[in-house]
Structures are given as C-alpha cells and as structure tokens.
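With mmCIF, C-alpha atoms inside, this is data31.cif:
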data_final
#
loop_
_atom_site.label_atom_id
_atom_site.label_comp_id
_atom_site.auth_asym_id
_atom_site.auth_seq_id
_atom_site.Cartn_x
_atom_site.Cartn_y
_atom_site.Cartn_z
CA MET A 19 23.29 -8.69 -9.46
CA SER A 20 21.58 -5.95 -7.52
CA LYS A 21 21.45 -6.04 -3.76
CA VAL A 22 18.65 -7.99 -2.11
CA LYS A 23 16.07 -5.58 -0.71
CA LYS A 24 14.07 -5.97 2.45
CA PHE A 25 10.36 -6.01 1.60
CA LEU A 26 7.70 -5.67 4.28
CA TYR A 27 4.07 -6.38 3.50
CA VAL A 28 1.92 -4.58 6.05
CA ASN A 29 -1.47 -6.13 6.81
CA ARG A 30 -3.80 -3.95 8.86
CA LYS A 31 -7.16 -5.03 7.52
CA ALA A 32 -9.48 -7.92 8.36
CA PRO A 33 -10.05 -10.61 5.72
CA TYR A 34 -13.14 -10.93 3.44
CA GLY A 35 -14.82 -7.54 4.00
CA THR A 36 -12.44 -6.14 1.42
CA ILE A 37 -10.06 -7.73 -1.07
CA TYR A 38 -6.83 -6.35 0.40
CA ALA A 39 -5.81 -9.28 2.61
CA GLN A 40 -6.24 -11.76 -0.22
CA GLU A 41 -4.37 -9.55 -2.71
CA ALA A 42 -1.51 -9.08 -0.26
CA LEU A 43 -1.03 -12.84 -0.17
CA GLU A 44 -1.05 -12.95 -3.95
CA VAL A 45 1.68 -10.33 -4.14
CA VAL A 46 3.72 -12.17 -1.52
CA LEU A 47 3.51 -15.42 -3.51
CA ILE A 48 4.46 -13.75 -6.80
CA GLY A 49 7.17 -11.76 -5.04
CA ALA A 50 8.73 -14.91 -3.61
CA ALA A 51 10.15 -15.66 -7.07
CA PHE A 52 12.27 -12.51 -6.89
CA ASP A 53 14.47 -13.80 -4.04
CA GLN A 54 14.18 -10.72 -1.87
CA ASP A 55 14.22 -10.62 1.93
CA VAL A 56 10.50 -10.81 2.69
CA SER A 57 8.64 -10.19 5.95
CA LEU A 58 4.94 -9.84 6.69
CA ALA A 59 3.54 -7.63 9.43
CA PHE A 60 0.14 -8.23 11.01
CA LEU A 61 -1.21 -5.48 13.22
CA ASP A 62 -4.52 -3.80 14.01
CA ASP A 63 -7.34 -5.75 12.29
CA GLY A 64 -4.71 -7.53 10.20
CA VAL A 65 -4.27 -10.06 13.01
CA PHE A 66 -7.77 -11.37 12.21
CA GLN A 67 -6.37 -12.71 8.92
CA LEU A 68 -4.46 -15.41 10.78
CA THR A 69 -7.26 -16.86 12.91
CA LYS A 70 -8.13 -20.55 12.86
CA GLY A 71 -11.39 -22.02 11.68
CA GLN A 72 -12.29 -19.67 8.83
CA ASP A 73 -15.14 -21.24 6.85
CA THR A 74 -16.33 -19.18 3.91
CA LYS A 75 -18.70 -21.73 2.37
CA GLU A 76 -21.98 -20.15 3.36
CA ALA A 77 -20.70 -16.64 2.70
CA GLY A 78 -19.81 -17.74 -0.82
CA LEU A 79 -16.26 -16.39 -0.68
CA LYS A 80 -12.89 -17.88 -1.46
CA ASN A 81 -11.18 -19.11 1.72
CA PHE A 82 -7.58 -18.04 1.39
CA SER A 83 -6.54 -18.71 4.99
CA PRO A 84 -4.89 -22.11 4.21
CA THR A 85 -2.45 -20.24 1.98
CA PHE A 86 -0.71 -18.82 5.05
CA ARG A 87 0.42 -22.33 5.95
CA ALA A 88 1.95 -22.74 2.49
CA LEU A 89 4.12 -19.62 2.75
CA GLY A 90 7.02 -21.64 4.16
CA ASP A 91 7.25 -23.54 0.87
CA TYR A 92 7.93 -20.18 -0.79
CA GLU A 93 10.61 -19.37 1.78
CA VAL A 94 8.41 -16.72 3.36
CA THR A 95 9.09 -17.48 7.00
CA LYS A 96 8.83 -14.21 8.93
CA LEU A 97 5.28 -13.33 9.96
CA TYR A 98 5.46 -10.60 12.60
CA VAL A 99 2.30 -10.38 14.72
CA GLU A 100 1.78 -7.50 17.14
CA GLN A 101 1.03 -8.47 20.72
CA GLU A 102 -0.93 -5.29 21.52
CA SER A 103 -3.16 -5.81 18.48
CA LEU A 104 -3.93 -9.35 19.68
CA ASP A 105 -4.60 -8.13 23.23
CA GLU A 106 -6.91 -5.32 22.12
CA ARG A 107 -8.99 -7.84 20.19
CA GLY A 108 -9.08 -10.44 22.95
CA LEU A 109 -6.98 -12.87 20.94
CA THR A 110 -4.06 -15.06 21.96
CA LEU A 111 -1.59 -17.04 19.90
CA ASP A 112 -3.89 -20.05 20.40
CA ASP A 113 -6.55 -18.36 18.28
CA LEU A 114 -4.17 -18.20 15.32
CA GLN A 115 -3.27 -20.90 12.84
CA ASP A 116 -0.15 -22.90 13.55
CA ILE A 117 2.08 -21.72 10.70
CA GLN A 118 5.43 -23.45 10.31
CA TYR A 119 8.31 -23.71 7.89
CA GLU A 120 11.03 -26.30 7.40
CA ASP A 121 14.44 -24.85 8.21
CA GLU A 122 16.75 -26.22 5.55
CA ASP A 123 19.79 -25.04 7.52
CA ASP A 124 18.69 -27.11 10.50
CA ASP A 125 17.97 -30.54 9.02
CA TYR A 126 14.50 -29.37 7.88
CA ALA A 127 13.28 -28.99 11.43
CA GLU A 128 9.79 -27.51 11.60
CA LYS A 129 9.84 -24.04 13.13
CA PRO A 130 7.10 -21.49 13.79
CA SER A 131 6.80 -18.69 11.22
CA ILE A 132 4.81 -16.44 13.52
CA ILE A 133 6.97 -14.07 15.54
CA VAL A 134 5.02 -12.16 18.18
CA VAL A 135 6.45 -8.70 18.76
CA SER A 136 5.48 -5.74 20.91
CA ARG A 137 4.33 -2.49 19.31
CA ALA A 138 7.82 -1.08 19.80
CA GLY A 139 9.24 -4.25 18.28
CA MET A 140 6.94 -3.83 15.28
CA ALA A 141 8.17 -0.25 14.88
CA ASP A 142 11.73 -1.62 14.82
CA VAL A 143 10.77 -4.14 12.12
CA MET A 144 9.17 -1.39 10.04
CA ALA A 145 12.18 0.91 10.38
CA ASP A 146 14.49 -1.84 9.14
CA GLN A 147 13.00 -2.14 5.63
CA ASP A 148 13.80 -0.92 2.13
CA VAL A 149 10.31 -1.27 0.67
CA VAL A 150 7.08 -1.16 2.67
CA LEU A 151 3.93 -2.22 0.81
CA SER A 152 0.67 -1.63 2.66
CA PHE A 153 -2.57 -3.46 2.04
CA MET B 3 17.75 6.70 9.03
CA SER B 4 14.19 7.97 8.99
CA THR B 5 10.82 7.14 7.55
CA LEU B 6 8.18 9.32 5.93
CA HIS B 7 4.76 8.06 6.99
CA THR B 8 1.61 9.17 5.19
CA VAL B 9 -1.91 8.90 6.60
CA ASN B 10 -5.01 9.50 4.48
CA LYS B 11 -7.83 8.81 6.96
CA SER B 12 -9.59 11.16 9.32
CA PRO B 13 -8.85 10.17 12.94
CA PHE B 14 -12.61 10.33 13.51
CA GLN B 15 -13.13 7.56 10.93
CA ASN B 16 -10.67 4.95 12.18
CA GLN B 17 -7.48 4.27 14.13
CA THR B 18 -5.02 4.62 11.25
CA LEU B 19 -3.45 7.88 12.44
CA ILE B 20 -3.21 6.58 16.01
CA SER B 21 -1.67 3.35 14.78
CA CYS B 22 0.81 5.24 12.62
CA LEU B 23 1.85 7.53 15.47
CA GLY B 24 2.23 4.47 17.69
CA HIS B 25 4.78 2.98 15.29
CA THR B 26 6.98 5.96 14.48
CA LYS B 27 10.58 6.45 15.56
CA ALA B 28 11.98 9.71 16.87
CA GLY B 29 12.92 11.91 13.93
CA ASP B 30 10.43 10.36 11.50
CA SER B 31 8.06 12.56 9.53
CA VAL B 32 4.30 12.09 9.35
CA LEU B 33 2.42 13.70 6.47
CA LEU B 34 -1.38 13.87 6.51
CA ILE B 35 -3.01 13.78 3.07
CA GLU B 36 -6.53 13.40 1.64
CA ASP B 37 -9.04 12.92 4.51
CA GLY B 38 -6.05 12.54 6.80
CA VAL B 39 -5.77 16.34 6.95
CA TYR B 40 -8.64 16.49 9.48
CA GLY B 41 -6.13 15.02 11.92
CA ALA B 42 -4.18 18.29 11.76
CA MET B 43 -7.03 20.44 13.05
CA SER B 44 -6.84 22.09 16.43
CA GLY B 45 -9.54 22.36 19.03
CA ASN B 46 -11.22 19.01 18.61
CA ALA B 47 -11.47 15.73 20.50
CA MET B 48 -8.37 14.30 18.79
CA SER B 49 -6.06 17.31 18.87
CA GLU B 50 -4.37 16.58 22.17
CA VAL B 51 -3.93 12.89 21.38
CA VAL B 52 -2.28 13.71 18.06
CA ALA B 53 -0.05 16.40 19.58
CA GLY B 54 0.97 14.06 22.41
CA MET B 55 1.65 10.99 20.30
CA GLY B 56 3.32 13.09 17.64
CA ALA B 57 5.69 14.88 20.01
CA ASN B 58 8.79 13.01 18.79
CA VAL B 59 8.10 13.27 15.06
CA LYS B 60 7.84 16.07 12.52
CA LEU B 61 4.21 16.67 11.59
CA PHE B 62 3.18 17.86 8.13
CA VAL B 63 -0.08 18.37 6.31
CA LEU B 64 -0.65 18.59 2.57
CA GLY B 65 -1.75 22.14 1.76
CA PRO B 66 -3.83 21.41 -1.35
CA ASP B 67 -5.90 18.87 0.60
CA VAL B 68 -6.34 21.33 3.49
CA ALA B 69 -7.56 24.00 1.08
CA ALA B 70 -9.86 21.59 -0.77
CA ARG B 71 -11.65 20.88 2.48
CA GLY B 72 -12.05 24.49 3.43
CA ILE B 73 -9.92 24.23 6.53
CA ASP B 74 -8.76 27.68 7.53
CA ALA B 75 -5.02 28.00 8.18
CA ALA B 76 -5.89 29.25 11.66
CA ARG B 77 -7.53 25.91 12.46
CA VAL B 78 -4.41 23.89 11.63
CA ALA B 79 -2.72 22.85 14.87
CA GLU B 80 0.55 24.57 15.80
CA GLY B 81 2.74 21.50 15.48
CA PHE B 82 1.95 21.03 11.78
CA SER B 83 3.83 22.50 8.84
CA GLN B 84 2.04 22.79 5.51
CA VAL B 85 3.71 21.44 2.38
CA ASP B 86 2.66 21.30 -1.27
CA TYR B 87 3.17 18.32 -3.60
CA GLU B 88 6.74 19.37 -4.34
CA GLY B 89 7.37 19.40 -0.60
CA PHE B 90 5.84 15.91 -0.41
CA VAL B 91 8.25 14.76 -3.14
CA ASP B 92 11.23 16.35 -1.36
CA MET B 93 10.30 14.62 1.89
CA ALA B 94 9.91 11.25 0.15
CA ALA B 95 13.30 11.70 -1.49
CA SER B 96 15.15 12.78 1.63
CA CYS B 97 13.91 10.04 3.99
CA ASP B 98 15.13 6.44 3.79
CA ARG B 99 11.77 4.84 3.11
CA VAL B 100 8.11 5.74 2.79
CA GLN B 101 5.38 3.92 4.65
CA ASN B 102 1.87 4.66 3.50
CA TRP B 103 -0.68 3.88 6.20
CA LEU B 104 -3.76 2.77 4.29
CA MET C 6 15.86 9.86 -7.54
CA LYS C 7 13.70 7.11 -8.98
CA PHE C 8 10.13 6.82 -7.69
CA GLY C 9 7.80 3.86 -8.11
CA ILE C 10 4.10 4.60 -7.61
CA VAL C 11 1.20 2.27 -6.75
CA VAL C 12 -2.43 3.31 -7.30
CA ASN C 13 -4.88 1.04 -5.51
CA GLU C 14 -8.26 2.72 -5.80
CA GLY C 15 -10.66 3.60 -8.57
CA PRO C 16 -11.00 7.01 -10.22
CA TYR C 17 -13.92 9.26 -9.25
CA THR C 18 -14.54 7.09 -6.16
CA HIS C 19 -11.34 7.68 -4.24
CA GLN C 20 -8.81 10.51 -4.28
CA ALA C 21 -5.90 8.04 -4.67
CA SER C 22 -5.45 8.39 -8.43
CA ASP C 23 -5.63 12.21 -8.19
CA SER C 24 -3.07 12.29 -5.37
CA ALA C 25 -0.79 9.95 -7.31
CA TYR C 26 -1.11 12.13 -10.42
CA ASN C 27 -0.22 15.28 -8.48
CA PHE C 28 2.72 13.53 -6.85
CA VAL C 29 4.06 12.21 -10.15
CA LYS C 30 3.72 15.63 -11.81
CA ALA C 31 5.57 17.29 -8.92
CA ALA C 32 8.29 14.63 -8.96
CA LEU C 33 8.87 15.09 -12.68
CA ALA C 34 8.80 18.88 -12.35
CA THR C 35 11.53 18.76 -9.72
CA GLY C 36 13.89 16.65 -11.79
CA HIS C 37 13.10 13.22 -10.41
CA GLU C 38 12.37 10.11 -12.39
CA VAL C 39 9.20 8.01 -12.13
CA SER C 40 10.20 4.52 -13.17
CA ARG C 41 6.70 3.07 -13.22
CA VAL C 42 3.13 3.62 -12.06
CA PHE C 43 1.43 0.37 -11.12
CA PHE C 44 -2.38 0.36 -11.12
CA TYR C 45 -3.79 -2.31 -8.85
CA HIS C 46 -7.18 -3.33 -7.37
CA ASP C 47 -9.87 -0.85 -8.55
CA GLY C 48 -7.03 1.43 -9.63
CA VAL C 49 -6.97 -0.46 -12.94
CA ASN C 50 -10.18 1.38 -13.87
CA VAL C 51 -8.11 4.52 -14.48
CA GLY C 52 -6.90 2.86 -17.68
CA THR C 53 -10.15 2.50 -19.62
CA ARG C 54 -10.48 4.77 -22.64
CA LEU C 55 -14.27 4.35 -22.59
CA SER C 56 -14.98 6.53 -19.57
CA ILE C 57 -16.88 9.73 -20.28
CA PRO C 58 -16.60 12.04 -17.28
CA PRO C 59 -18.73 15.19 -17.26
CA GLN C 60 -16.97 18.03 -19.08
CA ASP C 61 -16.70 20.21 -15.98
CA ASP C 62 -14.84 17.46 -14.11
CA ARG C 63 -11.19 16.42 -14.46
CA GLN C 64 -10.44 13.82 -17.14
CA ILE C 65 -8.40 11.36 -15.09
CA GLN C 66 -7.54 8.85 -17.81
CA GLU C 67 -6.69 11.57 -20.32
CA GLN C 68 -4.47 13.30 -17.76
CA TRP C 69 -2.48 10.12 -17.22
CA SER C 70 -2.25 9.30 -20.92
CA ALA C 71 -0.98 12.82 -21.68
CA LEU C 72 1.56 12.71 -18.87
CA ALA C 73 2.73 9.28 -20.05
CA LYS C 74 3.22 10.58 -23.58
CA GLU C 75 5.09 13.67 -22.48
CA HIS C 76 7.44 11.88 -20.08
CA GLU C 77 7.47 8.33 -21.51
CA LEU C 78 5.98 7.01 -18.27
CA ASP C 79 5.46 3.28 -17.85
CA LEU C 80 1.81 2.92 -16.80
CA VAL C 81 1.19 -0.72 -15.89
CA ILE C 82 -2.20 -2.21 -15.20
CA CYS C 83 -2.25 -5.37 -13.09
CA ILE C 84 -3.53 -8.16 -15.31
CA ALA C 85 -5.28 -10.18 -12.60
CA ALA C 86 -7.12 -7.12 -11.29
CA ALA C 87 -7.88 -6.00 -14.86
CA GLN C 88 -9.35 -9.31 -15.94
CA ARG C 89 -11.62 -9.42 -12.91
CA ARG C 90 -12.90 -5.95 -13.78
CA GLY C 91 -13.21 -6.24 -17.55
CA LEU C 92 -10.25 -4.14 -18.59
CA LEU C 93 -8.61 -5.62 -21.69
CA ASP C 94 -6.04 -4.79 -24.32
CA ARG C 95 -6.39 -6.11 -27.86
CA ASN C 96 -4.21 -9.19 -27.30
CA GLU C 97 -6.01 -10.18 -24.14
CA ALA C 98 -9.45 -9.64 -25.71
CA ASP C 99 -8.47 -11.87 -28.64
CA ARG C 100 -6.96 -14.50 -26.38
CA GLN C 101 -10.06 -14.60 -24.15
CA GLY C 102 -12.50 -14.49 -27.06
CA LYS C 103 -13.99 -11.12 -26.03
CA ASP C 104 -15.51 -8.82 -28.63
CA ALA C 105 -13.94 -5.56 -27.44
CA ASN C 106 -10.99 -4.02 -25.71
CA ASN C 107 -10.85 -0.79 -23.75
CA ILE C 108 -7.31 0.01 -22.66
CA ALA C 109 -6.32 3.65 -23.05
CA GLU C 110 -3.25 5.03 -24.79
CA GLY C 111 -0.08 4.95 -22.73
CA PHE C 112 -1.20 2.07 -20.50
CA ARG C 113 -0.10 -1.54 -20.76
CA ILE C 114 -1.32 -4.67 -19.02
CA SER C 115 1.14 -6.90 -17.21
CA GLY C 116 1.58 -9.12 -14.17
CA LEU C 117 2.07 -8.51 -10.47
CA GLY C 118 5.75 -9.26 -10.95
CA GLN C 119 6.01 -5.73 -12.35
CA LEU C 120 5.04 -4.38 -8.92
CA ILE C 121 7.82 -6.31 -7.19
CA GLU C 122 10.30 -5.39 -9.92
CA MET C 123 9.35 -1.74 -9.45
CA GLY C 124 9.96 -2.05 -5.70
CA ILE C 125 13.40 -3.50 -6.41
CA GLN C 126 14.39 -0.92 -9.01
CA ALA C 127 12.92 2.27 -7.57
CA ASP C 128 14.64 4.20 -4.79
CA ARG C 129 11.28 4.87 -3.12
CA THR C 130 7.94 3.15 -3.52
CA ILE C 131 4.85 5.22 -2.68
CA THR C 132 1.36 3.74 -2.47
CA PHE C 133 -1.85 5.71 -2.90
CA GLY C 134 -4.86 3.72 -1.79
CA ASP C 135 -7.49 3.25 0.86
#
Here is the file; what I need is its structure written in the form of structure tokens.
Amino acid sequence: MSKVKKFLYVNRKAPYGTIYAQEALEVVLIGAAFDQDVSLAFLDDGVFQLTKGQDTKEAGLKNFSPTFRALGDYEVTKLYVEQESLDERGLTLDDLQDIQYEDEDDDYAEKPSIIVVSRAGMADVMADQDVVLSF
Amino acid sequence: MSTLHTVNKSPFQNQTLISCLGHTKAGDSVLLIEDGVYGAMSGNAMSEVVAGMGANVKLFVLGPDVAARGIDAARVAEGFSQVDYEGFVDMAASCDRVQNWL
Amino acid sequence: MKFGIVVNEGPYTHQASDSAYNFVKAALATGHEVSRVFFYHDGVNVGTRLSIPPQDDRQIQEQWSALAKEHELDLVICIAAAQRRGLLDRNEADRQGKDANNIAEGFRISGLGQLIEMGIQADRTITFGD
C-alpha cells in the first residue's frame, strides 16, 4: 500500500465562461475513489464558483453548482477559500453556498466544509501538498 | 521544502503572475514560460511590481520562449536567469512539488 | 525521477502541447522517466491521426506518436473529453455505433482515473494548459 498523497485542486477561474471549473469537479469526484487526502483551493475568480443562486436555464448551460454540496458524501471536506479574493470581488461568506459535511468521527454532526484563509494561509496550504492540479 | 511555480500568461493579460508571486514562499522558484516570458522584461509598467513581489524567490525565464518572441537578452530584467528545457526539468526534479499557474 | 504530464489545450491553438513535448523530450534526454502523458480538455485533439497540418509546420501528432514509439510512452486520452469532441478508437466507435475512428498510433483512450493514478505514481506532476 503506497502512502496517501495530499492532492490540491486549485480553482482560479469563474464558472461557465470556460469548462475548467466543471471539469475540476469531475476530477475531484473521480479522484475521491482513490482515497487520497484531498483539498480544494478557491482563489482569484475561482471564488465565483461557490456563489449562491446560480441559474443556468436561460443560458442553456449545465448548472454544476449543486455538486459542491454533495462533495461531503465523497469525503471531500476541505474547501479553502481565500479571504482577499472574496474582498477584492466584494463578496462575503454570505454570498457563498452553505456547504457542509457530516463528521463521522463526531456523531455525524454537520460541519462547514468551507475554510476561509488569508492569502498567506492559502500559500501555506499550497506548500503543504504532494500534487497540485490547476484548473 | 520548496515549490517550482510556472506562469504562462503575460502580466499585461491577467493577474496570474501577480497571484502566483503573492502565494510563493521564500526560497521557491518561479519560472515564466510561453506568454509568461513577457513578465521578465525590464523597463515596463510591470517590471517594478514583479521585481518587488519576486524579491524572496528565484526568478527564471524559459530561453526558447524568450527567443521565439524576439525578446533581446538585454531586455530581460536583471533578477531573471534564463534556462532551457533541460534546466526546466532539473528544476522540476529538484523542488518538492510543481505548481502550474494556469 | 518519474514525471507525470498533463496537456490541457488543443494543438495549433495553444502552445501547451508543444511545451509539454519539449519538456518530455528533455526529461527523457536527461535520464528521467515519463510515466504517463494525460491529454485532457481540448488537449485530446492532439491524438487524432486525421489532422493534416501544412508541411512547413510542425506535425504535433506525429511527433508524439514517434516519441511514444521510441520511449514506450503511455499517451492517455481522457475518454469523457474525447467523446465530447469526437475522438474515438475502434472499440469506442463500434460501441457507440459510429462509422469511423480517428485515434493515432501510440495513444489510448481511458478514464479520468488515469490522471489521479498518474498523480499518485509520479514523483512530480506537471500541467501544461491555459
């Protein structure tokens, strides 16, 4: 059994204009089956991926934003969101979806998956990985 | 423990280089490739920003991409060292991880 | 050292596949191993054998196929991205009832799991994209 690696999926792009945000989620879901230590990073325009109220009907696109709320079921529970990126875009945590997971080590208590970190904190998260995949 | 960061966008196109430099740790290496090499030029509106933010990291630029774009060696800012693809490979091998800023 | 390579953008549109090719060649020339090259998003278009670039331009698919043959490289095309873009091997064409296939020599089509597996097995994963 090889050692579990720390995988970080870096999301720096807004959803819908390009495919990258949606594909990143697909890789995360497939990757969940490999039992690695997975984290997601949202910075720069990537924070727009997590906003509430996305409605793609009239644009004729697939709305993948509900998938973020399902990540907990795949044991993907660490979504790092950069405070400075939110601030620059005039967003607060209230503008983002409420994403939770059930902590099986704590009687399945619902806990927030989103972890807001400073830019320096995000740099620490990035420097603590084995594999960084950017989208 | 150090990271090799690569950036392939001109700093005049978007914030990728700035974002990268804002997330590096002291001792990391930043390699500019493809259109990223314009970020290594001296004497433009971004030069001082790049030099300032990049003060704690080692700055590199990919020679073949510099040459392809007709950038004279004299226009490459002082803080940057040029490497070829074998140098790129060496840097990727000798750091602990590679983060490609796309 | 074992490198895993991801190519995210299409040939002749973006420099990504050229940069990846140069990197892989340099890695092999300096005694490293390239465990896999994973073609994703528009990068899957590198693997069609039906492209006909002008003769005075580089032949991106042929370059990769030749390098794969010489070094037994594992060139993997993401199946989900390939199906969306009409890139098929014989099995997949038969299975989907399509009348042609277009995958080039040295490439194979497989799932996204191959990307994760590559990340686990390789010492360094390098992505070329946009």
Inset, instruction - Up to 9 Å from chain A, what residues of chain C turn up? Count only C-alpha atoms and give them as a PyMOL selection string. - result: chain C and resi 46+117-118+120-122+124-126+128-132+134-135
Inset, instruction - Write out as number ranges by chain every residue belonging to chain C that has an atom at most 12 Å from any atom of chain B, counting all atoms listed in the file. - result: C: 6-14, 19-39, 124, 127-135
Legend entry - Residues matched by the PyMOL selection byres ((chain A) within 12 of (chain B)), written as a PyMOL selection string: chain A and resi 23-31+38+61-64+100+102-103+136-153
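The space between atom CA of B:Leu61 and atom CA of B:Gln15 spans 19.6 Å.
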Legend entry - Chain and number of each residue from the PyMOL selection byres ((chain C and resi 103-115) around 10), as a VMD selection string: chain C and resid 42 to 44 49 to 56 66 to 67 69 to 74 77 to 88 91 to 102 116 to 120
Please write the residues from the selection above to a file, keeping C-alpha atoms, as a PDB file, in the frame of the given file.
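Listed below is the output, again_24.pdb:
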ATOM      1  CA  VAL C  42       3.130   3.620 -12.060  1.00  0.00           C
ATOM      2  CA  PHE C  43       1.430   0.370 -11.120  1.00  0.00           C
ATOM      3  CA  PHE C  44      -2.380   0.360 -11.120  1.00  0.00           C
ATOM      4  CA  VAL C  49      -6.970  -0.460 -12.940  1.00  0.00           C
ATOM      5  CA  ASN C  50     -10.180   1.380 -13.870  1.00  0.00           C
ATOM      6  CA  VAL C  51      -8.110   4.520 -14.480  1.00  0.00           C
ATOM      7  CA  GLY C  52      -6.900   2.860 -17.680  1.00  0.00           C
ATOM      8  CA  THR C  53     -10.150   2.500 -19.620  1.00  0.00           C
ATOM      9  CA  ARG C  54     -10.480   4.770 -22.640  1.00  0.00           C
ATOM     10  CA  LEU C  55     -14.270   4.350 -22.590  1.00  0.00           C
ATOM     11  CA  SER C  56     -14.980   6.530 -19.570  1.00  0.00           C
ATOM     12  CA  GLN C  66      -7.540   8.850 -17.810  1.00  0.00           C
ATOM     13  CA  GLU C  67      -6.690  11.570 -20.320  1.00  0.00           C
ATOM     14  CA  TRP C  69      -2.480  10.120 -17.220  1.00  0.00           C
ATOM     15  CA  SER C  70      -2.250   9.300 -20.920  1.00  0.00           C
ATOM     16  CA  ALA C  71      -0.980  12.820 -21.680  1.00  0.00           C
ATOM     17  CA  LEU C  72       1.560  12.710 -18.870  1.00  0.00           C
ATOM     18  CA  ALA C  73       2.730   9.280 -20.050  1.00  0.00           C
ATOM     19  CA  LYS C  74       3.220  10.580 -23.580  1.00  0.00           C
ATOM     20  CA  GLU C  77       7.470   8.330 -21.510  1.00  0.00           C
ATOM     21  CA  LEU C  78       5.980   7.010 -18.270  1.00  0.00           C
ATOM     22  CA  ASP C  79       5.460   3.280 -17.850  1.00  0.00           C
ATOM     23  CA  LEU C  80       1.810   2.920 -16.800  1.00  0.00           C
ATOM     24  CA  VAL C  81       1.190  -0.720 -15.890  1.00  0.00           C
ATOM     25  CA  ILE C  82      -2.200  -2.210 -15.200  1.00  0.00           C
ATOM     26  CA  CYS C  83      -2.250  -5.370 -13.090  1.00  0.00           C
ATOM     27  CA  ILE C  84      -3.530  -8.160 -15.310  1.00  0.00           C
ATOM     28  CA  ALA C  85      -5.280 -10.180 -12.600  1.00  0.00           C
ATOM     29  CA  ALA C  86      -7.120  -7.120 -11.290  1.00  0.00           C
ATOM     30  CA  ALA C  87      -7.880  -6.000 -14.860  1.00  0.00           C
ATOM     31  CA  GLN C  88      -9.350  -9.310 -15.940  1.00  0.00           C
ATOM     32  CA  GLY C  91     -13.210  -6.240 -17.550  1.00  0.00           C
ATOM     33  CA  LEU C  92     -10.250  -4.140 -18.590  1.00  0.00           C
ATOM     34  CA  LEU C  93      -8.610  -5.620 -21.690  1.00  0.00           C
ATOM     35  CA  ASP C  94      -6.040  -4.790 -24.320  1.00  0.00           C
ATOM     36  CA  ARG C  95      -6.390  -6.110 -27.860  1.00  0.00           C
ATOM     37  CA  ASN C  96      -4.210  -9.190 -27.300  1.00  0.00           C
ATOM     38  CA  GLU C  97      -6.010 -10.180 -24.140  1.00  0.00           C
ATOM     39  CA  ALA C  98      -9.450  -9.640 -25.710  1.00  0.00           C
ATOM     40  CA  ASP C  99      -8.470 -11.870 -28.640  1.00  0.00           C
ATOM     41  CA  ARG C 100      -6.960 -14.500 -26.380  1.00  0.00           C
ATOM     42  CA  GLN C 101     -10.060 -14.600 -24.150  1.00  0.00           C
ATOM     43  CA  GLY C 102     -12.500 -14.490 -27.060  1.00  0.00           C
ATOM     44  CA  GLY C 116       1.580  -9.120 -14.170  1.00  0.00           C
ATOM     45  CA  LEU C 117       2.070  -8.510 -10.470  1.00  0.00           C
ATOM     46  CA  GLY C 118       5.750  -9.260 -10.950  1.00  0.00           C
ATOM     47  CA  GLN C 119       6.010  -5.730 -12.350  1.00  0.00           C
ATOM     48  CA  LEU C 120       5.040  -4.380  -8.920  1.00  0.00           C
TER      49      LEU C 120
END
Inset, instruction - Excluding B:Gly29 and residues on its chain fewer than 6 positions from it, collect all residues at most 8 Å away from it, counting all atoms listed in the file, and give them as a list in words. - result: Ser4, Asn58, Val59 and Lys60 of chain B
Inset, instruction - Can you work out the spacing between atom CA of A:Pro33 and atom CA of A:Gly78 in Å, to one decimal? - result: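 Separation of atom CA of A:Pro33 and atom CA of A:Gly78: 13.7 Å.
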Legend entry - Distance of atom CA of C:Ile65 from atom CA of C:Pro16, expressed in Å to one decimal place: 7.0 Å
